file model_5.pdb (PDB, C-alpha atoms and all ligand atoms)
ATOM      1  CA  MET A   1       0.000   0.000   0.000
ATOM      2  CA  GLU A   2       1.191   3.495  -0.760
ATOM      3  CA  ASP A   3       1.124   6.415   1.666
ATOM      4  CA  GLY A   4      -0.882   8.610  -0.708
ATOM      5  CA  SER A   5       2.095  10.657  -1.834
ATOM      6  CA  GLY A   6       2.591   8.387  -4.808
ATOM      7  CA  ASN A   7       6.208   7.657  -3.928
ATOM      8  CA  GLY A   8       5.575   3.955  -3.357
ATOM      9  CA  ARG A   9       6.787   3.989   0.252
ATOM     10  CA  PRO A  10       4.750   2.118   2.901
ATOM     11  CA  PRO A  11       2.780   4.420   5.257
ATOM     12  CA  ALA A  12       4.773   5.527   8.299
ATOM     13  CA  THR A  13       3.694   3.905  11.579
ATOM     14  CA  ALA A  14       3.842   5.701  14.940
ATOM     15  CA  ALA A  15       6.781   3.521  15.968
ATOM     16  CA  ALA A  16       8.783   4.943  13.080
ATOM     17  CA  TRP A  17       8.560   8.498  14.365
ATOM     18  CA  ASN A  18      11.415   9.892  16.322
ATOM     19  CA  PHE A  19       9.295  11.992  18.667
ATOM     20  CA  GLU A  20       6.843  11.387  21.483
ATOM     21  CA  PRO A  21       5.119  13.505  24.128
ATOM     22  CA  ASN A  22       6.952  14.517  27.269
ATOM     23  CA  GLY A  23       5.727  11.869  29.750
ATOM     24  CA  ALA A  24       6.229  14.154  32.753
ATOM     25  CA  LEU A  25       3.806  16.691  31.289
ATOM     26  CA  LEU A  26       1.207  14.061  30.326
ATOM     27  CA  GLY A  27       1.122  12.909  33.917
ATOM     28  CA  LEU A  28       0.454  16.457  35.107
ATOM     29  CA  THR A  29      -2.567  17.077  32.901
ATOM     30  CA  ALA A  30      -4.297  13.779  33.701
ATOM     31  CA  LEU A  31      -5.699  15.043  36.996
ATOM     32  CA  SER A  32      -6.248  18.736  36.269
ATOM     33  CA  VAL A  33      -9.654  20.215  37.123
ATOM     34  CA  ARG A  34     -10.112  21.025  33.443
ATOM     35  CA  GLY A  35      -9.201  17.460  32.478
ATOM     36  CA  VAL A  36     -11.763  16.008  34.899
ATOM     37  CA  LEU A  37     -14.391  18.527  33.751
ATOM     38  CA  GLY A  38     -13.754  17.486  30.144
ATOM     39  CA  ARG A  39     -14.399  13.855  31.049
ATOM     40  CA  VAL A  40     -17.597  14.741  32.952
ATOM     41  CA  LYS A  41     -18.846  16.793  30.000
ATOM     42  CA  ALA A  42     -18.059  13.992  27.578
ATOM     43  CA  GLY A  43     -20.115  11.651  29.764
ATOM     44  CA  MET A  44     -23.020  14.116  29.784
ATOM     45  CA  ALA A  45     -22.839  14.500  26.012
ATOM     46  CA  ALA A  46     -22.892  10.733  25.661
ATOM     47  CA  GLY A  47     -26.100  10.828  27.774
ATOM     48  CA  GLY A  48     -27.644  12.819  24.917
ATOM     49  CA  GLY A  49     -30.940  14.636  25.282
ATOM     50  CA  GLY A  50     -31.004  16.482  22.001
ATOM     51  CA  ASP A  51     -30.912  19.919  23.641
ATOM     52  CA  GLY A  52     -27.259  20.389  22.773
ATOM     53  CA  GLY A  53     -26.541  21.119  26.430
ATOM     54  CA  GLY A  54     -25.503  17.580  27.215
ATOM     55  CA  GLY A  55     -27.825  17.371  30.215
ATOM     56  CA  GLY A  56     -30.019  14.568  28.972
ATOM     57  CA  GLY A  57     -32.855  17.046  28.368
ATOM     58  CA  ARG A  58     -32.213  19.000  31.589
ATOM     59  CA  ALA A  59     -30.796  22.537  31.682
ATOM     60  CA  VAL A  60     -27.054  22.608  32.334
ATOM     61  CA  ILE A  61     -25.533  25.352  34.482
ATOM     62  CA  PRO A  62     -21.834  25.558  33.494
ATOM     63  CA  MET A  63     -20.414  25.996  37.007
ATOM     64  CA  GLY A  64     -17.053  24.605  35.984
ATOM     65  CA  HIS A  65     -16.520  27.325  33.395
ATOM     66  CA  GLY A  66     -13.273  29.108  34.181
ATOM     67  CA  ASP A  67     -13.815  32.179  32.023
ATOM     68  CA  PRO A  68     -16.729  34.482  32.956
ATOM     69  CA  SER A  69     -16.020  36.819  30.029
ATOM     70  CA  VAL A  70     -17.982  34.542  27.683
ATOM     71  CA  PHE A  71     -21.182  35.531  29.531
ATOM     72  CA  PRO A  72     -22.645  38.915  28.518
ATOM     73  CA  CYS A  73     -23.268  39.932  32.151
ATOM     74  CA  PHE A  74     -19.500  40.067  32.749
ATOM     75  CA  ARG A  75     -18.096  42.959  30.753
ATOM     76  CA  THR A  76     -15.049  45.033  31.540
ATOM     77  CA  THR A  77     -15.425  48.782  31.979
ATOM     78  CA  ALA A  78     -16.220  50.798  28.839
ATOM     79  CA  ASP A  79     -13.346  53.152  29.766
ATOM     80  CA  ALA A  80     -10.862  50.323  29.266
ATOM     81  CA  VAL A  81     -12.410  49.326  25.923
ATOM     82  CA  ASP A  82     -12.319  52.971  24.745
ATOM     83  CA  ALA A  83      -8.701  53.381  25.832
ATOM     84  CA  VAL A  84      -7.580  50.252  23.994
ATOM     85  CA  ALA A  85      -9.572  51.198  20.885
ATOM     86  CA  ALA A  86      -8.098  54.722  20.933
ATOM     87  CA  ALA A  87      -4.584  53.348  21.314
ATOM     88  CA  LEU A  88      -5.120  51.076  18.307
ATOM     89  CA  ARG A  89      -6.626  53.866  16.186
ATOM     90  CA  SER A  90      -3.817  56.272  17.051
ATOM     91  CA  GLY A  91      -1.363  54.149  15.093
ATOM     92  CA  GLU A  92       1.253  55.029  17.698
ATOM     93  CA  HIS A  93       1.627  51.558  19.119
ATOM     94  CA  ASN A  94       2.179  49.431  16.064
ATOM     95  CA  SER A  95       5.903  49.029  16.422
ATOM     96  CA  TYR A  96       7.909  46.696  18.656
ATOM     97  CA  SER A  97       7.931  47.956  22.203
ATOM     98  CA  SER A  98      10.858  47.538  24.563
ATOM     99  CA  CYS A  99      11.169  43.950  25.749
ATOM    100  CA  VAL A 100      10.185  44.896  29.309
ATOM    101  CA  GLY A 101       7.062  46.760  28.127
ATOM    102  CA  LEU A 102       6.013  50.355  27.627
ATOM    103  CA  GLU A 103       7.165  52.693  30.376
ATOM    104  CA  PRO A 104       3.783  54.424  30.990
ATOM    105  CA  ALA A 105       2.079  51.037  31.440
ATOM    106  CA  ARG A 106       4.806  49.845  33.818
ATOM    107  CA  ARG A 107       4.547  53.075  35.774
ATOM    108  CA  SER A 108       0.760  52.693  36.079
ATOM    109  CA  ILE A 109       1.078  49.128  37.319
ATOM    110  CA  ALA A 110       3.760  50.185  39.827
ATOM    111  CA  ARG A 111       1.474  52.926  41.127
ATOM    112  CA  TYR A 112      -1.539  50.613  41.285
ATOM    113  CA  LEU A 113       0.276  47.847  43.197
ATOM    114  CA  SER A 114       2.020  50.294  45.552
ATOM    115  CA  ARG A 115      -1.357  51.229  47.038
ATOM    116  CA  ASP A 116      -1.292  47.977  49.034
ATOM    117  CA  LEU A 117       2.399  48.059  49.973
ATOM    118  CA  PRO A 118       4.415  49.766  52.735
ATOM    119  CA  TYR A 119       6.923  51.026  50.098
ATOM    120  CA  GLU A 120       6.738  52.500  46.564
ATOM    121  CA  LEU A 121       7.386  50.375  43.526
ATOM    122  CA  SER A 122       8.913  52.048  40.484
ATOM    123  CA  ALA A 123       8.390  51.338  36.794
ATOM    124  CA  ASP A 124      11.774  49.584  36.872
ATOM    125  CA  ASP A 125      10.316  46.934  39.190
ATOM    126  CA  VAL A 126       7.694  45.989  36.595
ATOM    127  CA  TYR A 127       8.128  43.707  33.572
ATOM    128  CA  LEU A 128       5.154  43.336  31.259
ATOM    129  CA  THR A 129       4.236  39.894  29.980
ATOM    130  CA  SER A 130       1.666  38.282  27.765
ATOM    131  CA  GLY A 131      -0.657  37.327  30.640
ATOM    132  CA  CYS A 132       0.335  35.758  33.926
ATOM    133  CA  ALA A 133       1.010  32.514  32.065
ATOM    134  CA  GLN A 134       3.976  34.079  30.275
ATOM    135  CA  ALA A 135       5.173  35.527  33.571
ATOM    136  CA  ILE A 136       5.348  31.956  34.919
ATOM    137  CA  GLU A 137       7.163  30.788  31.774
ATOM    138  CA  ILE A 138       9.758  33.536  32.008
ATOM    139  CA  ILE A 139      10.471  32.961  35.672
ATOM    140  CA  CYS A 140      10.942  29.241  35.181
ATOM    141  CA  SER A 141      13.330  29.880  32.273
ATOM    142  CA  VAL A 142      15.324  32.358  34.337
ATOM    143  CA  LEU A 143      15.601  30.069  37.351
ATOM    144  CA  ALA A 144      16.349  26.791  35.608
ATOM    145  CA  ARG A 145      19.910  25.694  36.184
ATOM    146  CA  PRO A 146      21.182  22.126  36.468
ATOM    147  CA  GLY A 147      19.991  20.530  39.703
ATOM    148  CA  ALA A 148      17.719  23.397  40.772
ATOM    149  CA  ASN A 149      14.439  22.584  42.452
ATOM    150  CA  ILE A 150      11.337  24.645  43.135
ATOM    151  CA  LEU A 151       8.655  24.128  45.787
ATOM    152  CA  CYS A 152       5.039  24.156  44.599
ATOM    153  CA  PRO A 153       1.748  23.905  46.491
ATOM    154  CA  ARG A 154      -0.381  20.777  46.397
ATOM    155  CA  PRO A 155      -3.152  21.266  45.314
ATOM    156  CA  GLY A 156      -1.992  24.004  42.969
ATOM    157  CA  TYR A 157      -2.154  25.441  39.480
ATOM    158  CA  LEU A 158      -0.579  22.945  37.124
ATOM    159  CA  PHE A 159       1.032  25.477  34.826
ATOM    160  CA  HIS A 160       3.709  26.218  37.451
ATOM    161  CA  GLU A 161       4.725  22.579  37.578
ATOM    162  CA  ALA A 162       4.446  22.145  33.820
ATOM    163  CA  ARG A 163       6.771  25.070  33.082
ATOM    164  CA  ALA A 164       9.249  24.081  35.772
ATOM    165  CA  VAL A 165       9.420  20.515  34.436
ATOM    166  CA  PHE A 166       9.667  21.836  30.898
ATOM    167  CA  ASN A 167      12.724  23.841  31.911
ATOM    168  CA  GLY A 168      14.367  20.833  33.529
ATOM    169  CA  MET A 169      13.766  21.850  37.135
ATOM    170  CA  GLU A 170      12.784  19.377  39.819
ATOM    171  CA  VAL A 171       9.397  20.141  41.386
ATOM    172  CA  ARG A 172       8.866  19.324  45.062
ATOM    173  CA  TYR A 173       5.386  19.572  46.532
ATOM    174  CA  PHE A 174       4.409  20.991  49.883
ATOM    175  CA  ASP A 175       0.904  20.456  51.202
ATOM    176  CA  LEU A 176      -1.811  23.024  51.739
ATOM    177  CA  LEU A 177      -3.646  22.157  54.932
ATOM    178  CA  PRO A 178      -7.444  21.968  54.529
ATOM    179  CA  GLU A 179      -8.007  22.009  58.302
ATOM    180  CA  SER A 180      -6.323  25.420  58.549
ATOM    181  CA  GLY A 181      -7.900  27.182  55.573
ATOM    182  CA  TRP A 182      -5.436  25.720  53.038
ATOM    183  CA  GLU A 183      -2.465  27.388  54.690
ATOM    184  CA  VAL A 184       1.008  26.308  53.646
ATOM    185  CA  ASP A 185       2.466  23.408  55.642
ATOM    186  CA  LEU A 186       5.552  25.396  56.602
ATOM    187  CA  ASP A 187       7.181  22.491  58.465
ATOM    188  CA  GLY A 188       6.787  20.464  55.275
ATOM    189  CA  VAL A 189       8.436  23.267  53.278
ATOM    190  CA  GLN A 190      11.458  23.204  55.571
ATOM    191  CA  GLU A 191      11.772  19.437  55.240
ATOM    192  CA  LEU A 192      11.621  19.622  51.427
ATOM    193  CA  ALA A 193      14.133  22.389  50.867
ATOM    194  CA  ASP A 194      17.841  21.880  50.369
ATOM    195  CA  LYS A 195      20.735  23.928  48.986
ATOM    196  CA  ASN A 196      19.403  23.535  45.440
ATOM    197  CA  THR A 197      15.983  24.993  46.261
ATOM    198  CA  VAL A 198      15.591  28.372  44.604
ATOM    199  CA  ALA A 199      12.027  29.457  45.322
ATOM    200  CA  MET A 200       8.611  28.526  46.626
ATOM    201  CA  VAL A 201       5.340  29.288  44.885
ATOM    202  CA  ILE A 202       2.250  30.538  46.655
ATOM    203  CA  ILE A 203      -1.046  31.278  44.943
ATOM    204  CA  ASN A 204      -3.079  33.855  46.806
ATOM    205  CA  PRO A 205      -6.066  34.070  46.521
ATOM    206  CA  GLY A 206      -5.756  30.368  45.896
ATOM    207  CA  ASN A 207      -6.503  28.306  42.851
ATOM    208  CA  PRO A 208      -8.051  25.752  43.134
ATOM    209  CA  CYS A 209      -9.055  26.120  46.811
ATOM    210  CA  GLY A 210     -10.255  29.751  46.807
ATOM    211  CA  ASN A 211      -8.542  30.488  50.136
ATOM    212  CA  VAL A 212      -7.188  33.943  51.042
ATOM    213  CA  TYR A 213      -4.132  34.026  53.308
ATOM    214  CA  THR A 214      -4.016  36.212  56.392
ATOM    215  CA  SER A 215      -1.248  38.731  56.870
ATOM    216  CA  GLU A 216       0.046  36.637  59.805
ATOM    217  CA  HIS A 217       0.381  33.560  57.628
ATOM    218  CA  LEU A 218       2.134  35.471  54.840
ATOM    219  CA  ALA A 219       4.590  36.834  57.426
ATOM    220  CA  LYS A 220       5.407  33.250  58.408
ATOM    221  CA  VAL A 221       5.862  32.274  54.750
ATOM    222  CA  ALA A 222       8.347  35.132  54.365
ATOM    223  CA  GLU A 223      10.248  34.126  57.533
ATOM    224  CA  THR A 224      10.458  30.540  56.308
ATOM    225  CA  ALA A 225      11.743  31.653  52.903
ATOM    226  CA  LYS A 226      14.356  33.860  54.561
ATOM    227  CA  LYS A 227      15.510  30.999  56.783
ATOM    228  CA  LEU A 228      15.901  28.755  53.726
ATOM    229  CA  GLY A 229      17.589  31.442  51.599
ATOM    230  CA  ILE A 230      14.945  31.227  48.887
ATOM    231  CA  PHE A 231      12.522  33.739  47.418
ATOM    232  CA  VAL A 232       8.770  33.653  47.094
ATOM    233  CA  ILE A 233       6.940  33.570  43.763
ATOM    234  CA  ALA A 234       3.529  35.026  44.614
ATOM    235  CA  ASP A 235       0.953  34.242  41.932
ATOM    236  CA  GLU A 236      -1.615  36.953  42.652
ATOM    237  CA  VAL A 237      -3.566  36.700  39.430
ATOM    238  CA  TYR A 238      -6.773  36.628  41.541
ATOM    239  CA  ALA A 239      -5.744  39.624  43.671
ATOM    240  CA  HIS A 240      -8.724  41.333  45.324
ATOM    241  CA  LEU A 241     -11.169  38.647  44.144
ATOM    242  CA  THR A 242     -11.938  37.302  47.586
ATOM    243  CA  PHE A 243     -14.718  35.311  49.198
ATOM    244  CA  GLY A 244     -15.098  35.051  52.961
ATOM    245  CA  GLN A 245     -13.684  37.199  55.755
ATOM    246  CA  ASN A 246     -10.020  37.576  54.817
ATOM    247  CA  LYS A 247      -8.955  40.694  52.991
ATOM    248  CA  PHE A 248      -6.372  40.266  50.235
ATOM    249  CA  VAL A 249      -2.858  41.165  51.390
ATOM    250  CA  PRO A 250      -0.076  41.048  48.782
ATOM    251  CA  MET A 251       2.982  38.939  49.566
ATOM    252  CA  GLY A 252       5.058  41.983  48.603
ATOM    253  CA  VAL A 253       4.170  43.507  51.986
ATOM    254  CA  PHE A 254       6.831  41.117  53.337
ATOM    255  CA  GLY A 255       9.333  41.771  50.549
ATOM    256  CA  SER A 256      11.809  43.232  53.031
ATOM    257  CA  VAL A 257      11.895  39.906  54.922
ATOM    258  CA  ALA A 258      12.446  37.727  51.838
ATOM    259  CA  PRO A 259      12.399  38.903  48.217
ATOM    260  CA  VAL A 260       9.183  38.322  46.307
ATOM    261  CA  LEU A 261       8.399  38.071  42.622
ATOM    262  CA  THR A 262       4.780  39.122  42.316
ATOM    263  CA  LEU A 263       2.887  37.800  39.299
ATOM    264  CA  GLY A 264      -0.389  39.227  38.102
ATOM    265  CA  SER A 265      -2.497  40.180  35.118
ATOM    266  CA  ILE A 266      -5.649  41.955  34.067
ATOM    267  CA  SER A 267      -7.268  38.639  33.096
ATOM    268  CA  LYS A 268      -9.358  38.010  36.197
ATOM    269  CA  ARG A 269     -10.153  41.262  37.977
ATOM    270  CA  TRP A 270     -10.926  43.089  34.741
ATOM    271  CA  VAL A 271     -12.555  40.008  33.119
ATOM    272  CA  VAL A 272     -10.486  40.219  29.925
ATOM    273  CA  PRO A 273      -8.341  37.064  29.792
ATOM    274  CA  GLY A 274      -8.103  37.360  26.018
ATOM    275  CA  TRP A 275      -6.322  40.704  26.214
ATOM    276  CA  ARG A 276      -3.163  38.942  27.443
ATOM    277  CA  LEU A 277      -1.538  41.533  29.657
ATOM    278  CA  GLY A 278       0.323  40.459  32.748
ATOM    279  CA  TRP A 279       3.347  41.375  34.838
ATOM    280  CA  ILE A 280       6.275  40.234  36.896
ATOM    281  CA  VAL A 281       7.098  42.652  39.703
ATOM    282  CA  THR A 282      10.152  42.606  41.920
ATOM    283  CA  SER A 283       8.718  43.274  45.373
ATOM    284  CA  ASP A 284      12.140  43.551  46.908
ATOM    285  CA  PRO A 285      12.862  46.847  48.691
ATOM    286  CA  ASN A 286      16.297  45.583  49.812
ATOM    287  CA  GLY A 287      17.476  44.947  46.247
ATOM    288  CA  VAL A 288      18.345  41.258  46.780
ATOM    289  CA  PHE A 289      17.410  40.375  43.193
ATOM    290  CA  GLN A 290      19.832  42.976  41.851
ATOM    291  CA  ARG A 291      22.647  41.776  44.098
ATOM    292  CA  THR A 292      22.104  38.154  43.109
ATOM    293  CA  LYS A 293      21.786  39.219  39.433
ATOM    294  CA  VAL A 294      18.340  37.589  39.046
ATOM    295  CA  VAL A 295      17.322  40.903  37.449
TER     296      VAL A 295
HETATM  297  C1  LIG A 301      -3.348  30.640  39.511
HETATM  298  C2  LIG A 301      -3.277  31.097  38.088
HETATM  299  N1  LIG A 301      -2.144  31.671  37.649
HETATM  300  C3  LIG A 301      -2.032  32.115  36.380
HETATM  301  C4  LIG A 301      -3.076  31.987  35.475
HETATM  302  C5  LIG A 301      -2.886  32.481  34.064
HETATM  303  O1  LIG A 301      -3.436  33.758  33.961
HETATM  304  P1  LIG A 301      -3.441  34.576  32.586
HETATM  305  O2  LIG A 301      -4.784  34.375  31.969
HETATM  306  O3  LIG A 301      -3.241  36.008  32.974
HETATM  307  O4  LIG A 301      -2.327  34.065  31.744
HETATM  308  C6  LIG A 301      -4.273  31.400  35.887
HETATM  309  C7  LIG A 301      -5.384  31.238  34.930
HETATM  310  O5  LIG A 301      -6.396  30.638  35.195
HETATM  311  C8  LIG A 301      -4.385  30.950  37.219
HETATM  312  O6  LIG A 301      -5.496  30.367  37.668
END

call {"tool": "encode", "arguments": {"input": "model_5.pdb", "output": "structure tokens"}}
result
Amino acid sequence: MEDGSGNGRPPATAAAWNFEPNGALLGLTALSVRGVLGRVKAGMAAGGGGDGGGGGGRAVIPMGHGDPSVFPCFRTTADAVDAVAAALRSGEHNSYSSCVGLEPARRSIARYLSRDLPYELSADDVYLTSGCAQAIEIICSVLARPGANILCPRPGYLFHEARAVFNGMEVRYFDLLPESGWEVDLDGVQELADKNTVAMVIINPGNPCGNVYTSEHLAKVAETAKKLGIFVIADEVYAHLTFGQNKFVPMGVFGSVAPVLTLGSISKRWVVPGWRLGWIVTSDPNGVFQRTKVV
């Protein structure tokens, strides 16, 4: 049989290919919330019902939908839409920008984040990225060196692990403790860390648990990081989106105890995940990142 190209060669079988998926990454996606949701939805669709909703004739409320912007009741402010449209029409932003992002945007983000901090950030502390996802990618690329390991929360957001693994870093998992509001098991963190540990990741407000850490707990996280000689990567993409009693406190408040890389974006709070604007911020009033040449 020919392969359709008319060259008379037998069709290639999978075994003949020289490539295959990265097994470490396949393992990570198997148990993601989105992966499980996909399987549940497939089961519902198989149940049929003819209404297209996959509910076997019953109305389906998509509570597992991670992106509210698809629903018309969640729209970002018209001011933001007008500003973006005006910027596009002006023709002044069609060229390559500097690789760290436009200075006025960095300055605005510095000013906005400084409102919750005991010190002032400057535009030089802010690096613009294509969403928080690219911020995670960049950090993992910067940190990866042979033998390095990074501490990630369990349960957590799989993209941190995926990017770390992709960059050849070892991922070690510390537990979040359900009985204490999904706080970090700080004793566990100390047991996991060694001289090759470079950083620990916290996600606050948390994904997937929805917890919001108290200031007291964040202070302990910072003290632990300082003791271990590591820095904190604070994924704050859900900043200010809180449920329950705890007010959002940025990890950067404790940046003078241990240096913090704060990650964020406009995706969640402004309900525009498709706009792809995020940031990495050095919340490090003592300049440790400069001294260690991380930035
Ligand atoms: C904890 C966490 N970090 C980062 C991201 C990525 O955010 P962005 O859409 O800004 O890339 C998400 C998206 O769901 C998230 O849940």

call {"tool": "residues_around", "arguments": {"input": "model_5.pdb", "residues": "Ala80 (chain A)", "least_positions_apart": "6", "cutoff": "12 Å", "atoms": "only C-alpha atoms", "output": "MDAnalysis selection string"}}
result
chainID A and resid 86:87 266 270:272 275

call {"tool": "resolve_selection", "arguments": {"input": "model_5.pdb", "expression": "the PyMOL selection byres (((not hetatm)) within 6 of (chain A and resi 301))", "output": "PyMOL selection string"}}
result
chain A and resi 131-133+157+203+207+235+237+265+267+273+278

call {"tool": "atom_distance", "arguments": {"input": "model_5.pdb", "atom1": "CA of Glu179 (chain A)", "atom2": "CA of Leu228 (chain A)"}}
result
25.3 Å

call {"tool": "resolve_selection", "arguments": {"input": "model_5.pdb", "expression": "the PyMOL selection byres (((chain A and resi 245-259) around 7) and not hetatm)", "output": "list in words"}}
result
Leu117, Pro118, Val212, Thr214, Ser215, Leu218, Ala219, Ala222, Glu223, Ala225, Lys226, Phe231, Val232, Ala234, Ala239, His240, Thr242, Phe243, Gly244, Val260, Leu261, Thr262, Ser283, Asp284, Pro285, Asn286 and Val288 of chain A

call {"tool": "residues_around", "arguments": {"input": "model_5.pdb", "residues": "His217 (chain A)", "least_positions_apart": "4", "cutoff": "8 Å", "atoms": "all atoms listed in the file", "output": "number ranges by chain"}}
result
A: 183, 213, 221

call {"tool": "residues_around", "arguments": {"input": "model_5.pdb", "residues": "region 92-108 of chain A", "least_positions_apart": "6", "cutoff": "10 Å", "atoms": "only C-alpha atoms", "output": "ChimeraX atom specification"}}
result
/A:86,114,121-129,279-281

call {"tool": "residues_around", "arguments": {"input": "model_5.pdb", "residues": "region 24-28 of chain A", "least_positions_apart": "4", "cutoff": "12 Å", "atoms": "only C-alpha atoms", "output": "NGL selection string"}}
result
:A and (20 or 32-35 or 155-171)

call {"tool": "decode", "arguments": {"input": "model_5.pdb", "residues": "region 176-191 of chain A", "atoms": "N, CA and C atoms", "output": "JSON list (two decimals), in the first residue's frame"}}
result
[["chain", "number", "residue", "atom", "x", "y", "z"],
["A", 176, "LEU", "N", -0.94, 21.99, 51.17],
["A", 176, "LEU", "CA", -1.81, 23.02, 51.74],
["A", 176, "LEU", "C", -2.73, 22.29, 52.70],
["A", 177, "LEU", "N", -2.96, 22.87, 53.86],
["A", 177, "LEU", "CA", -3.65, 22.16, 54.93],
["A", 177, "LEU", "C", -5.13, 22.54, 54.99],
["A", 178, "PRO", "N", -6.01, 21.63, 54.58],
["A", 178, "PRO", "CA", -7.44, 21.97, 54.53],
["A", 178, "PRO", "C", -7.98, 22.37, 55.89],
["A", 179, "GLU", "N", -7.46, 21.73, 56.97],
["A", 179, "GLU", "CA", -8.01, 22.01, 58.30],
["A", 179, "GLU", "C", -7.63, 23.40, 58.79],
["A", 180, "SER", "N", -6.62, 24.04, 58.16],
["A", 180, "SER", "CA", -6.32, 25.42, 58.55],
["A", 180, "SER", "C", -6.45, 26.35, 57.34],
["A", 181, "GLY", "N", -7.58, 26.25, 56.66],
["A", 181, "GLY", "CA", -7.90, 27.18, 55.57],
["A", 181, "GLY", "C", -6.91, 27.11, 54.42],
["A", 182, "TRP", "N", -6.38, 25.94, 54.15],
["A", 182, "TRP", "CA", -5.44, 25.72, 53.04],
["A", 182, "TRP", "C", -4.16, 26.54, 53.20],
["A", 183, "GLU", "N", -3.76, 26.72, 54.46],
["A", 183, "GLU", "CA", -2.46, 27.39, 54.69],
["A", 183, "GLU", "C", -1.33, 26.46, 54.26],
["A", 184, "VAL", "N", -0.18, 27.08, 54.05],
["A", 184, "VAL", "CA", 1.01, 26.31, 53.65],
["A", 184, "VAL", "C", 1.52, 25.50, 54.84],
["A", 185, "ASP", "N", 1.84, 24.24, 54.60],
["A", 185, "ASP", "CA", 2.47, 23.41, 55.64],
["A", 185, "ASP", "C", 3.94, 23.83, 55.72],
["A", 186, "LEU", "N", 4.21, 24.80, 56.58],
["A", 186, "LEU", "CA", 5.55, 25.40, 56.60],
["A", 186, "LEU", "C", 6.61, 24.43, 57.13],
["A", 187, "ASP", "N", 6.21, 23.50, 58.01],
["A", 187, "ASP", "CA", 7.18, 22.49, 58.46],
["A", 187, "ASP", "C", 7.56, 21.60, 57.28],
["A", 188, "GLY", "N", 6.54, 21.29, 56.47],
["A", 188, "GLY", "CA", 6.79, 20.46, 55.28],
["A", 188, "GLY", "C", 7.74, 21.18, 54.32],
["A", 189, "VAL", "N", 7.56, 22.49, 54.17],
["A", 189, "VAL", "CA", 8.44, 23.27, 53.28],
["A", 189, "VAL", "C", 9.89, 23.15, 53.75],
["A", 190, "GLN", "N", 10.08, 23.26, 55.05],
["A", 190, "GLN", "CA", 11.46, 23.20, 55.57],
["A", 190, "GLN", "C", 12.08, 21.83, 55.37],
["A", 191, "GLU", "N", 11.24, 20.79, 55.46],
["A", 191, "GLU", "CA", 11.77, 19.44, 55.24],
["A", 191, "GLU", "C", 12.15, 19.20, 53.77]]
